[in-house]
Amino acid sequence: MSYNIIDLLNLMVHENASDLHLHVGRPPSLRISGSIVPVEGTSLTPADTEALMKSITPEPHQRRLQETGGSDFGFEFEDKARFRVSVFKAKGHHGIVLRLIPNKIFGLRELGLPDRVKELLQRPRGLILVTGPTGSGKSTSLASMVNWINENVDDHIVTIEDPIEYYHDHKRSIVTQREVHNDIPDFASAIRAGLRQDPDVILVGEMRDLETIEAAITAAETGHLVFGTLHTTGAARTVDRIIDAFQSTAKDQIRIQLASSLVAVISQVLCRKKDGTGRIAAFELMINTDSTAALIRDNKTYRITSDIQTGAALGMITLDAYLLNLFQKGIISADEAITYSQDADDMRIKVKNH
């Protein structure tokens, strides 16, 4: 049996799957509500995955796949959906994973983002970090934030992505979207070039390396509102991850820069709903206060969580408090709350006493 990519994409849209996996030795598989479900049919052969890869992968990305073993790009499927595509080699064969990017950009409240986030989006400068594991919905949250600025503020927004996922039309703001490898060679040079394009807001799709982190912090210090993403969970770990990227001789300096330029850290995870109808995001929000800035400067990041707990009046919330709230409302199970919590032992006690 041979598979047709159009049929598989239609099935993905119909089943509201978040991802499609195409691997040799297994039937095509959909991720639905967090679980991977194989499609009925035969296992894919090396010839199948190669044909499916070639049917959607532009020539430059096919060349990069052969040269480097993998490539990522955006793919438009008729007028139904966009996909973020990762093609790669594994055991000498081709593999493909497609992530569905919804056509609709959700509102901040629809996603469950804390209300205080809207105020943060009106800051004239500084660094807002959106963090979480792969597949936790960071791109969706960032698209929602960019869209809110686009609809409410007269700004120039520059996004630097790999690949571009959500398309933004010009609304009240002008939006310039640049794709790494396509429009610009890398994140760091795109940030530096972006500073010459009169931006107000810069979105950095991924802060992958030291050069990109340095460029993002410099942009935030020089009067721009910068959004960046990291694959960390929790504000304390995020700050540590940035500082650890620098050599020991530069750590004190970067602590001072980060303490003054950081606006907020928004961490998120995606949890399965108890009723099986999909997934819901849980958030942690840390806003950089004078107290938090002092902890960052003094290398006492282990106390940041306690600062968030005492900052509830400012709109801050810990990830564990958000998860507990979802559990108490019956939206997620006790197991899900424990799995995604920062302090599993403490969460186990709290859900047991509920």
# chains A, B, ... in the order shown; residues from 1 in each chain; ligands from 1
>>> residues_around(residues="A:Ser18", least_positions_apart="2", cutoff="12 Å", atoms="only C-alpha atoms", output="ChimeraX atom specification")
/A:9,11-16,20-21,29-37,81-84,97-102,135-137,278-279
>>> residues_around(residues="A:Ile338", least_positions_apart="6", cutoff="10 Å", atoms="only C-alpha atoms", output="PDB file with C-alpha atoms, in the first residue's frame")
ATOM      1  CA  ASP A 320       2.702  24.441  40.533  1.00  0.00           C
ATOM      2  CA  LEU A 323      -1.386  23.215  37.888  1.00  0.00           C
ATOM      3  CA  LEU A 324      -3.053  22.799  41.288  1.00  0.00           C
ATOM      4  CA  PHE A 327      -6.611  20.022  39.107  1.00  0.00           C
ATOM      5  CA  ALA A 344       6.417  16.573  42.635  1.00  0.00           C
ATOM      6  CA  ASP A 345       6.502  15.567  46.327  1.00  0.00           C
ATOM      7  CA  ASP A 346       4.768  18.771  47.418  1.00  0.00           C
ATOM      8  CA  MET A 347       2.185  18.452  44.615  1.00  0.00           C
ATOM      9  CA  ARG A 348       1.489  14.830  45.623  1.00  0.00           C
ATOM     10  CA  ILE A 349       0.611  15.991  49.148  1.00  0.00           C
ATOM     11  CA  LYS A 350      -1.579  18.865  47.887  1.00  0.00           C
ATOM     12  CA  VAL A 351      -3.648  16.787  45.458  1.00  0.00           C
TER      13      VAL A 351
END
>>> residues_around(residues="A:Pro133", least_positions_apart="3", cutoff="10 Å", atoms="only C-alpha atoms", output="ChimeraX atom specification")
/A:136-138,230-233,267-270
>>> write_last_selection(atoms="N, CA and C atoms", output="PDB file, in the first residue's frame")
ATOM      1  N   SER A 136       5.361  22.566  23.813  1.00  0.00           N
ATOM      2  CA  SER A 136       4.539  23.060  24.933  1.00  0.00           C
ATOM      3  C   SER A 136       3.667  24.252  24.540  1.00  0.00           C
ATOM      4  N   GLY A 137       3.728  24.660  23.274  1.00  0.00           N
ATOM      5  CA  GLY A 137       2.868  25.756  22.823  1.00  0.00           C
ATOM      6  C   GLY A 137       3.499  27.131  22.885  1.00  0.00           C
ATOM      7  N   LYS A 138       4.832  27.198  22.972  1.00  0.00           N
ATOM      8  CA  LYS A 138       5.508  28.513  23.049  1.00  0.00           C
ATOM      9  C   LYS A 138       5.209  29.355  21.811  1.00  0.00           C
ATOM     10  N   LEU A 230      13.340  29.788  25.174  1.00  0.00           N
ATOM     11  CA  LEU A 230      14.332  28.816  25.645  1.00  0.00           C
ATOM     12  C   LEU A 230      13.605  27.530  26.020  1.00  0.00           C
ATOM     13  N   HIS A 231      14.310  26.392  25.910  1.00  0.00           N
ATOM     14  CA  HIS A 231      13.702  25.103  26.257  1.00  0.00           C
ATOM     15  C   HIS A 231      13.932  24.781  27.726  1.00  0.00           C
ATOM     16  N   THR A 232      13.543  25.706  28.594  1.00  0.00           N
ATOM     17  CA  THR A 232      13.683  25.500  30.032  1.00  0.00           C
ATOM     18  C   THR A 232      12.288  25.562  30.662  1.00  0.00           C
ATOM     19  N   THR A 233      12.174  25.056  31.878  1.00  0.00           N
ATOM     20  CA  THR A 233      10.896  25.165  32.597  1.00  0.00           C
ATOM     21  C   THR A 233      11.155  25.850  33.929  1.00  0.00           C
ATOM     22  N   SER A 267       6.745  30.693  31.701  1.00  0.00           N
ATOM     23  CA  SER A 267       7.016  29.276  31.428  1.00  0.00           C
ATOM     24  C   SER A 267       5.701  28.550  31.221  1.00  0.00           C
ATOM     25  N   GLN A 268       5.706  27.561  30.332  1.00  0.00           N
ATOM     26  CA  GLN A 268       4.461  26.844  30.102  1.00  0.00           C
ATOM     27  C   GLN A 268       4.691  25.371  29.801  1.00  0.00           C
ATOM     28  N   VAL A 269       3.677  24.577  30.115  1.00  0.00           N
ATOM     29  CA  VAL A 269       3.644  23.154  29.772  1.00  0.00           C
ATOM     30  C   VAL A 269       2.254  22.854  29.228  1.00  0.00           C
ATOM     31  N   LEU A 270       2.138  21.796  28.422  1.00  0.00           N
ATOM     32  CA  LEU A 270       0.836  21.382  27.890  1.00  0.00           C
ATOM     33  C   LEU A 270       0.400  20.104  28.586  1.00  0.00           C
TER      34      LEU A 270
END
>>> select_by_dssp(residues="stretch 191-270 of chain A", states="strand (DSSP E)", output="list of chain:residue names")
A:Val201, A:Ile202, A:Leu203, A:Val204, A:Leu225, A:Val226, A:Phe227, A:Gly228, A:Thr229, A:Leu230, A:Leu262, A:Val263, A:Ala264, A:Val265, A:Ile266, A:Ser267, A:Gln268, A:Val269, A:Leu270
>>> write_last_selection(atoms="N, CA and C atoms", output="short mmCIF file (atom, residue, chain, number, x, y, z; two decimals), in the first residue's frame")
data_model
loop_
_atom_site.label_atom_id
_atom_site.label_comp_id
_atom_site.auth_asym_id
_atom_site.auth_seq_id
_atom_site.Cartn_x
_atom_site.Cartn_y
_atom_site.Cartn_z
N VAL A 201 9.73 46.23 18.43
CA VAL A 201 9.60 44.90 19.03
C VAL A 201 10.38 43.90 18.18
N ILE A 202 11.16 43.03 18.83
CA ILE A 202 11.90 41.98 18.12
C ILE A 202 11.56 40.64 18.75
N LEU A 203 11.14 39.69 17.92
CA LEU A 203 10.89 38.34 18.41
C LEU A 203 12.01 37.42 17.90
N VAL A 204 12.70 36.77 18.83
CA VAL A 204 13.77 35.84 18.48
C VAL A 204 13.24 34.43 18.69
N LEU A 225 11.70 46.16 22.88
CA LEU A 225 11.03 45.07 23.58
C LEU A 225 11.37 43.79 22.83
N VAL A 226 12.06 42.87 23.50
CA VAL A 226 12.55 41.65 22.85
C VAL A 226 11.88 40.43 23.47
N PHE A 227 11.36 39.56 22.60
CA PHE A 227 10.81 38.27 23.03
C PHE A 227 11.79 37.18 22.61
N GLY A 228 12.09 36.27 23.53
CA GLY A 228 12.96 35.16 23.20
C GLY A 228 12.41 33.88 23.79
N THR A 229 12.82 32.73 23.22
CA THR A 229 12.37 31.45 23.75
C THR A 229 13.56 30.59 24.14
N LEU A 230 13.34 29.79 25.17
CA LEU A 230 14.33 28.82 25.64
C LEU A 230 13.61 27.53 26.02
N LEU A 262 15.75 42.24 32.07
CA LEU A 262 14.67 41.25 32.07
C LEU A 262 13.35 41.86 32.55
N VAL A 263 12.30 41.65 31.79
CA VAL A 263 10.96 42.12 32.18
C VAL A 263 10.19 40.99 32.85
N ALA A 264 10.18 39.81 32.21
CA ALA A 264 9.39 38.70 32.74
C ALA A 264 9.85 37.39 32.13
N VAL A 265 9.54 36.30 32.84
CA VAL A 265 9.70 34.95 32.30
C VAL A 265 8.34 34.27 32.37
N ILE A 266 7.88 33.80 31.21
CA ILE A 266 6.61 33.07 31.14
C ILE A 266 6.96 31.63 30.77
N SER A 267 6.75 30.69 31.70
CA SER A 267 7.02 29.28 31.43
C SER A 267 5.70 28.55 31.22
N GLN A 268 5.71 27.56 30.33
CA GLN A 268 4.46 26.84 30.10
C GLN A 268 4.69 25.37 29.80
N VAL A 269 3.68 24.58 30.11
CA VAL A 269 3.64 23.15 29.77
C VAL A 269 2.25 22.85 29.23
N LEU A 270 2.14 21.80 28.42
CA LEU A 270 0.84 21.38 27.89
C LEU A 270 0.40 20.10 28.59
#
>>> residues_around(residues="A:Arg116", least_positions_apart="2", cutoff="9 Å", atoms="only C-alpha atoms", output="ChimeraX atom specification")
/A:113-114,118-120,285,314-316
>>> residues_around(residues="A:Leu295", least_positions_apart="5", cutoff="10 Å", atoms="only C-alpha atoms", output="VMD selection string")
chain A and resid 255 259 289 to 290 300 to 304 307
>>> atom_distance(atom1="atom CA of A:Phe283", atom2="atom CA of A:Leu319")
5.4 Å
>>> residues_around(residues="A:Ser139", least_positions_apart="2", cutoff="10 Å", atoms="only C-alpha atoms", output="list in words")
Ile101, Val130, Thr131, Thr134, Gly135, Ser136, Gly137, Ser141, Leu142, Ala143, Ser144, Met145, Glu161, Ile164, Glu165, Tyr166, Gly205 and Thr229 of chain A
>>> atom_distance(atom1="atom CA of A:Arg178", atom2="atom CA of A:Thr212")
15.2 Å
>>> closest_residue(among="A:Ala188, A:Ala293, A:Ala215, A:Ala250", to="A:Ala236", atoms="only C-alpha atoms")
A:Ala293
>>> closest_residue(among="A:Ser2, A:Thr57, A:Gln62, A:Ser306", to="A:Glu76", atoms="only C-alpha atoms")
A:Thr57
>>> closest_residue(among="A:Lys89, A:His224, A:His181, A:Arg297", to="A:Glu67", atoms="only C-alpha atoms")
A:Lys89
>>> atom_distance(atom1="atom CA of A:Ile242", atom2="atom CA of A:Glu284")
17.9 Å
>>> decode(residues="stretch 71-225 of chain A", atoms="C-alpha atoms", output="mmCIF file, in the first residue's frame")
data_model
loop_
_atom_site.group_PDB
_atom_site.id
_atom_site.type_symbol
_atom_site.label_atom_id
_atom_site.label_comp_id
_atom_site.auth_asym_id
_atom_site.auth_seq_id
_atom_site.Cartn_x
_atom_site.Cartn_y
_atom_site.Cartn_z
ATOM 1 C CA SER A 71 16.223 20.537 7.555
ATOM 2 C CA ASP A 72 13.169 22.483 8.817
ATOM 3 C CA PHE A 73 10.733 24.543 6.791
ATOM 4 C CA GLY A 74 7.168 25.860 6.683
ATOM 5 C CA PHE A 75 4.610 24.267 4.370
ATOM 6 C CA GLU A 76 1.245 25.661 3.228
ATOM 7 C CA PHE A 77 -1.476 23.046 2.654
ATOM 8 C CA GLU A 78 -4.058 24.536 0.274
ATOM 9 C CA ASP A 79 -6.116 26.977 2.370
ATOM 10 C CA LYS A 80 -6.611 24.469 5.185
ATOM 11 C CA ALA A 81 -3.504 24.756 7.340
ATOM 12 C CA ARG A 82 0.205 25.495 7.649
ATOM 13 C CA PHE A 83 2.741 23.024 8.898
ATOM 14 C CA ARG A 84 6.197 23.231 10.416
ATOM 15 C CA VAL A 85 8.088 20.381 8.792
ATOM 16 C CA SER A 86 11.223 18.627 10.032
ATOM 17 C CA VAL A 87 12.846 16.227 7.536
ATOM 18 C CA PHE A 88 15.793 14.133 8.716
ATOM 19 C CA LYS A 89 17.898 11.012 8.199
ATOM 20 C CA ALA A 90 17.723 8.159 10.737
ATOM 21 C CA LYS A 91 19.560 4.827 10.262
ATOM 22 C CA GLY A 92 20.212 5.966 6.702
ATOM 23 C CA HIS A 93 16.490 6.408 5.889
ATOM 24 C CA HIS A 94 14.296 9.492 5.575
ATOM 25 C CA GLY A 95 11.921 10.508 8.354
ATOM 26 C CA ILE A 96 9.425 13.379 8.535
ATOM 27 C CA VAL A 97 7.518 15.071 11.360
ATOM 28 C CA LEU A 98 4.885 17.685 10.528
ATOM 29 C CA ARG A 99 3.490 20.016 13.221
ATOM 30 C CA LEU A 100 0.091 21.572 12.503
ATOM 31 C CA ILE A 101 0.036 25.354 12.880
ATOM 32 C CA PRO A 102 -3.566 26.508 13.404
ATOM 33 C CA ASN A 103 -4.861 29.127 10.967
ATOM 34 C CA LYS A 104 -6.399 30.996 13.869
ATOM 35 C CA ILE A 105 -4.257 33.061 16.243
ATOM 36 C CA PHE A 106 -5.796 32.703 19.705
ATOM 37 C CA GLY A 107 -6.415 35.577 22.092
ATOM 38 C CA LEU A 108 -4.361 35.872 25.285
ATOM 39 C CA ARG A 109 -7.329 34.925 27.462
ATOM 40 C CA GLU A 110 -8.317 31.987 25.226
ATOM 41 C CA LEU A 111 -4.888 30.472 25.844
ATOM 42 C CA GLY A 112 -5.215 31.011 29.598
ATOM 43 C CA LEU A 113 -2.286 33.435 29.812
ATOM 44 C CA PRO A 114 -2.321 35.408 33.090
ATOM 45 C CA ASP A 115 -4.089 38.792 32.743
ATOM 46 C CA ARG A 116 -0.952 40.679 33.759
ATOM 47 C CA VAL A 117 0.740 39.646 30.480
ATOM 48 C CA LYS A 118 -1.233 42.304 28.581
ATOM 49 C CA GLU A 119 0.430 45.050 30.646
ATOM 50 C CA LEU A 120 3.881 43.565 29.997
ATOM 51 C CA LEU A 121 3.284 43.777 26.245
ATOM 52 C CA GLN A 122 3.028 47.555 26.566
ATOM 53 C CA ARG A 123 6.528 47.948 28.017
ATOM 54 C CA PRO A 124 8.767 50.124 25.812
ATOM 55 C CA ARG A 125 11.880 47.978 26.300
ATOM 56 C CA GLY A 126 13.273 44.887 27.959
ATOM 57 C CA LEU A 127 13.431 41.110 27.572
ATOM 58 C CA ILE A 128 10.398 38.809 27.887
ATOM 59 C CA LEU A 129 11.291 35.116 27.827
ATOM 60 C CA VAL A 130 8.730 32.455 26.888
ATOM 61 C CA THR A 131 10.028 29.053 27.950
ATOM 62 C CA GLY A 132 9.022 25.416 28.105
ATOM 63 C CA PRO A 133 9.819 22.016 26.615
ATOM 64 C CA THR A 134 9.457 21.282 22.903
ATOM 65 C CA GLY A 135 5.787 21.073 21.930
ATOM 66 C CA SER A 136 4.539 23.060 24.933
ATOM 67 C CA GLY A 137 2.868 25.756 22.823
ATOM 68 C CA LYS A 138 5.508 28.513 23.049
ATOM 69 C CA SER A 139 5.024 29.479 19.375
ATOM 70 C CA THR A 140 1.253 29.727 19.876
ATOM 71 C CA SER A 141 1.674 31.990 22.929
ATOM 72 C CA LEU A 142 4.217 34.197 21.148
ATOM 73 C CA ALA A 143 1.948 34.515 18.099
ATOM 74 C CA SER A 144 -0.884 35.596 20.397
ATOM 75 C CA MET A 145 1.334 38.238 22.071
ATOM 76 C CA VAL A 146 2.648 39.572 18.748
ATOM 77 C CA ASN A 147 -0.918 39.716 17.415
ATOM 78 C CA TRP A 148 -2.079 41.692 20.475
ATOM 79 C CA ILE A 149 0.677 44.282 19.931
ATOM 80 C CA ASN A 150 -0.103 44.319 16.198
ATOM 81 C CA GLU A 151 -3.770 45.086 16.887
ATOM 82 C CA ASN A 152 -3.269 47.618 19.680
ATOM 83 C CA VAL A 153 0.018 49.506 19.209
ATOM 84 C CA ASP A 154 1.595 51.546 16.393
ATOM 85 C CA ASP A 155 4.931 49.688 16.276
ATOM 86 C CA HIS A 156 7.369 48.026 13.931
ATOM 87 C CA ILE A 157 7.578 44.334 14.880
ATOM 88 C CA VAL A 158 10.466 42.248 13.528
ATOM 89 C CA THR A 159 10.219 38.460 13.943
ATOM 90 C CA ILE A 160 13.176 36.135 13.363
ATOM 91 C CA GLU A 161 12.065 32.508 13.044
ATOM 92 C CA ASP A 162 13.257 29.093 11.868
ATOM 93 C CA PRO A 163 10.926 28.472 10.120
ATOM 94 C CA ILE A 164 8.163 31.132 10.080
ATOM 95 C CA GLU A 165 5.121 29.489 11.630
ATOM 96 C CA TYR A 166 2.275 31.998 12.049
ATOM 97 C CA TYR A 167 1.858 34.653 9.356
ATOM 98 C CA HIS A 168 1.015 38.147 10.654
ATOM 99 C CA ASP A 169 -0.696 40.728 8.447
ATOM 100 C CA HIS A 170 0.078 44.418 8.992
ATOM 101 C CA LYS A 171 -2.595 45.820 11.331
ATOM 102 C CA ARG A 172 -1.859 48.851 13.545
ATOM 103 C CA SER A 173 1.763 47.773 13.484
ATOM 104 C CA ILE A 174 4.093 46.969 10.601
ATOM 105 C CA VAL A 175 5.261 43.338 10.845
ATOM 106 C CA THR A 176 8.504 42.200 9.197
ATOM 107 C CA GLN A 177 8.953 38.425 9.353
ATOM 108 C CA ARG A 178 12.395 37.008 8.518
ATOM 109 C CA GLU A 179 13.218 33.332 8.136
ATOM 110 C CA VAL A 180 16.606 31.937 9.122
ATOM 111 C CA HIS A 181 18.409 30.236 6.159
ATOM 112 C CA ASN A 182 15.953 31.885 3.777
ATOM 113 C CA ASP A 183 16.095 35.633 4.456
ATOM 114 C CA ILE A 184 19.052 35.731 6.847
ATOM 115 C CA PRO A 185 21.853 33.235 7.717
ATOM 116 C CA ASP A 186 21.371 32.974 11.509
ATOM 117 C CA PHE A 187 19.560 34.415 14.540
ATOM 118 C CA ALA A 188 22.422 36.550 15.871
ATOM 119 C CA SER A 189 23.121 38.372 12.593
ATOM 120 C CA ALA A 190 19.365 38.799 12.052
ATOM 121 C CA ILE A 191 19.057 40.576 15.433
ATOM 122 C CA ARG A 192 21.996 42.881 14.664
ATOM 123 C CA ALA A 193 20.618 43.651 11.196
ATOM 124 C CA GLY A 194 17.146 44.123 12.675
ATOM 125 C CA LEU A 195 18.417 46.920 14.929
ATOM 126 C CA ARG A 196 19.081 48.962 11.766
ATOM 127 C CA GLN A 197 15.474 48.562 10.605
ATOM 128 C CA ASP A 198 13.896 50.903 13.177
ATOM 129 C CA PRO A 199 12.191 48.136 15.207
ATOM 130 C CA ASP A 200 10.166 48.601 18.382
ATOM 131 C CA VAL A 201 9.602 44.900 19.030
ATOM 132 C CA ILE A 202 11.904 41.981 18.119
ATOM 133 C CA LEU A 203 10.892 38.337 18.410
ATOM 134 C CA VAL A 204 13.773 35.844 18.477
ATOM 135 C CA GLY A 205 12.354 32.400 17.658
ATOM 136 C CA GLU A 206 15.054 30.548 19.556
ATOM 137 C CA MET A 207 17.971 31.665 21.721
ATOM 138 C CA ARG A 208 20.144 28.720 20.738
ATOM 139 C CA ASP A 209 23.669 29.931 21.369
ATOM 140 C CA LEU A 210 25.795 32.457 23.204
ATOM 141 C CA GLU A 211 25.965 34.865 20.265
ATOM 142 C CA THR A 212 22.164 34.975 19.934
ATOM 143 C CA ILE A 213 21.665 35.414 23.697
ATOM 144 C CA GLU A 214 24.172 38.290 23.751
ATOM 145 C CA ALA A 215 22.529 39.987 20.753
ATOM 146 C CA ALA A 216 19.033 39.635 22.296
ATOM 147 C CA ILE A 217 20.122 41.115 25.655
ATOM 148 C CA THR A 218 21.908 43.994 23.896
ATOM 149 C CA ALA A 219 18.764 44.736 21.860
ATOM 150 C CA ALA A 220 16.669 44.734 25.053
ATOM 151 C CA GLU A 221 19.135 47.091 26.759
ATOM 152 C CA THR A 222 19.155 49.538 23.854
ATOM 153 C CA GLY A 223 15.461 50.416 23.956
ATOM 154 C CA HIS A 224 13.614 47.541 22.294
ATOM 155 C CA LEU A 225 11.034 45.069 23.584
#
